[in-house]
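Engineer: Here it is, the structure, as structure tokens.
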Amino acid sequence: MLLLLPGLLCDERLWEDQLTDLADVADIAIADMTRDDSIAAMAARAVALMDARGADRFAVCGLSMGGYAAIEVWRQAGPRVARLALLDTSARADTEEQVRRRRGLMALTRSGQFKGVTPRLLPSLIHPSRLETPLAQDVRDMAERVGRDAFLRQQQAILTRVDSRADLPRIGVPTLVGVGEHDVLTPPELADEMAALIPGSRLIRFTGAGHLPTMEVPDAVNVALRDWLAI
């Protein structure tokens with residue numbers, strides 16, 4: 001079983017190409033990351049999904065906020081986690097600047113300007129060459145489907161997450177750390193840091209991608225995930 005964990009303002013569309021391409025090598029489930037306001041609760045809901053699917057052991061792949069939750073799933077589920085993939089994420093807690101920016105977006109949302117959030121975020125989510133493409137509209141549509149209230153819950157969860165760096169050296173399963181080479185939200189140096197802390201991990205930079213490589217360069221991501229699942 002492969003458990004996929006979406007990022008902030010993302011839904012199943014984030015993983016559409018992986019659902020299609022990896023169906024022959026794994027049973028895939030996508031966790032609901034919209035209903036909780038803490039990373040621990042998101043992870044617990046994801047583990048409960050694995051319980052419901054009868055998965056004794058499973059692989060976990062999370063992107064961005066989903067990566068924070070993936071580490072927490074590993075903490076909660078222990079030996080049930082057979083593999084871990086952390087895409088475009090960080091093991092660090094927010095900096096003061098990130099906290100201010102995040103609270104500003106939350107205030108904008110509470111003031112009734114939720115539709116203004118995605119245009120502000122979009123240049124940070126995908127490579128500039130894709131800003132006027134159908135993929136950009138897909139990202140906007142995802143955000144609309146996730147909606148205002150879930151966005152606020154997700155931001156609260158991200159704000160209150162723990163710093164996971166001290167836990168990374170204890171990860172003892174095959175781990176993939178991937179990042180878009182042009183990711184400005186969780187830049188490559190944060191992936192480098194995680195990979196250096198996780199014993200035996202594999203680090204991949206996705207050429208030509210920003211923060212959402214699963215949508216931007218799906219073929220490259222699918223190759224990396226196939227290799228990871230085959231270990």
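Residue numbers start at 1 in each chain; chains themselves are named A, B, ... in the order of the structure tokens; ligands are numbered from 1 in the order shown.
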Please identify all polymer residues within 6 Å of region 90-93 of chain A, counting only C-alpha atoms, omitting same-chain residues fewer than 2 positions from it, and present them as a list in words.
Structural biologist: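 Using only C-alpha atoms, the neighbours found are Val162, Asp163, Ser164, Arg165 and Leu190 of chain A.
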Engineer: Apply DSSP to the backbone of this structure and, from region 96-230 of chain A, keep only the residues in strand (DSSP E); write these as a list in words.
Structural biologist: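 Output for region 96-230 of chain A, strand (DSSP E) only: Thr175, Leu176, Val177, Gly178, Val179, Gly180, Arg202, Leu203, Ile204, Arg205 and Phe206 of chain A.
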Engineer: Save out the residues we just selected, N, CA, C and O atoms, as a tab-separated table (two decimals), in the first residue's frame.
Structural biologist:
```
chain	number	residue	atom	x	y	z
A	175	THR	N	14.42	5.83	2.20
A	175	THR	CA	13.85	7.18	2.18
A	175	THR	C	14.29	7.94	0.94
A	175	THR	O	15.49	8.00	0.64
A	176	LEU	N	13.33	8.52	0.26
A	176	LEU	CA	13.58	9.40	-0.89
A	176	LEU	C	13.32	10.83	-0.45
A	176	LEU	O	12.26	11.14	0.12
A	177	VAL	N	14.27	11.70	-0.71
A	177	VAL	CA	14.09	13.14	-0.49
A	177	VAL	C	14.15	13.80	-1.85
A	177	VAL	O	15.16	13.71	-2.55
A	178	GLY	N	13.05	14.42	-2.26
A	178	GLY	CA	12.99	15.04	-3.57
A	178	GLY	C	12.59	16.50	-3.48
A	178	GLY	O	11.84	16.90	-2.57
A	179	VAL	N	13.07	17.31	-4.45
A	179	VAL	CA	12.75	18.73	-4.43
A	179	VAL	C	12.87	19.29	-5.84
A	179	VAL	O	13.76	18.91	-6.60
A	180	GLY	N	11.95	20.18	-6.20
A	180	GLY	CA	12.09	20.90	-7.46
A	180	GLY	C	13.29	21.83	-7.39
A	180	GLY	O	13.47	22.54	-6.39
A	202	ARG	N	18.10	8.79	-0.36
A	202	ARG	CA	18.44	9.18	-1.72
A	202	ARG	C	17.88	10.57	-1.98
A	202	ARG	O	16.71	10.84	-1.70
A	203	LEU	N	18.69	11.46	-2.52
A	203	LEU	CA	18.30	12.84	-2.79
A	203	LEU	C	18.18	13.06	-4.29
A	203	LEU	O	19.09	12.72	-5.05
A	204	ILE	N	17.05	13.62	-4.71
A	204	ILE	CA	16.83	13.92	-6.13
A	204	ILE	C	16.34	15.36	-6.27
A	204	ILE	O	15.43	15.79	-5.54
A	205	ARG	N	16.93	16.09	-7.21
A	205	ARG	CA	16.41	17.40	-7.59
A	205	ARG	C	15.71	17.26	-8.94
A	205	ARG	O	16.29	16.72	-9.89
A	206	PHE	N	14.48	17.75	-9.00
A	206	PHE	CA	13.70	17.63	-10.22
A	206	PHE	C	13.93	18.85	-11.11
A	206	PHE	O	13.52	19.97	-10.77
```
Engineer: In Å to one decimal, how far is CA of Val217 (chain A) from CA of Phe58 (chain A)?
Structural biologist: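 These two atoms are separated by 24.8 Å.
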Engineer: Applying 10 Å and only C-alpha atoms, which residues near Ala230 (chain A) remain after dropping the ones on its own chain fewer than 3 positions away? List them as a PDB file with C-alpha atoms, in the first residue's frame.
Structural biologist:
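Full text of out-v7.pdb as output:
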```pdb
ATOM      1  CA  VAL A  25       3.135  -1.369  -8.688  1.00  0.00           C
ATOM      2  CA  PRO A 174      14.386   3.456   2.491  1.00  0.00           C
ATOM      3  CA  LEU A 225       8.930   6.839  -6.945  1.00  0.00           C
ATOM      4  CA  ARG A 226       9.084   3.589  -8.927  1.00  0.00           C
ATOM      5  CA  ASP A 227      12.747   3.193  -8.028  1.00  0.00           C
TER       6      ASP A 227
END
```
Engineer: Using only C-alpha atoms for the distances, tell me which of A:Glu144, A:Pro119, A:Thr95, A:Leu63 is nearest to Glu132 (chain A).
Structural biologist: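 Comparing A:Glu144, A:Pro119, A:Thr95, A:Leu63 against Glu132 (chain A), the winner is A:Pro119.
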Engineer: In Å, rounded to a single decimal, give me how far CA of Ala85 (chain A) is from CA of Val47 (chain A).
Structural biologist: 15.8 Å
Engineer: Write out as number ranges by chain all residues of region 9-224 of chain A that DSSP puts in helix (DSSP H, G or I) for this structure's backbone.
Structural biologist: A: 12-21, 39-52, 65-80, 96-110, 114-125, 128-130, 134-146, 148-159, 168-170, 188-197, 213-216, 218-224
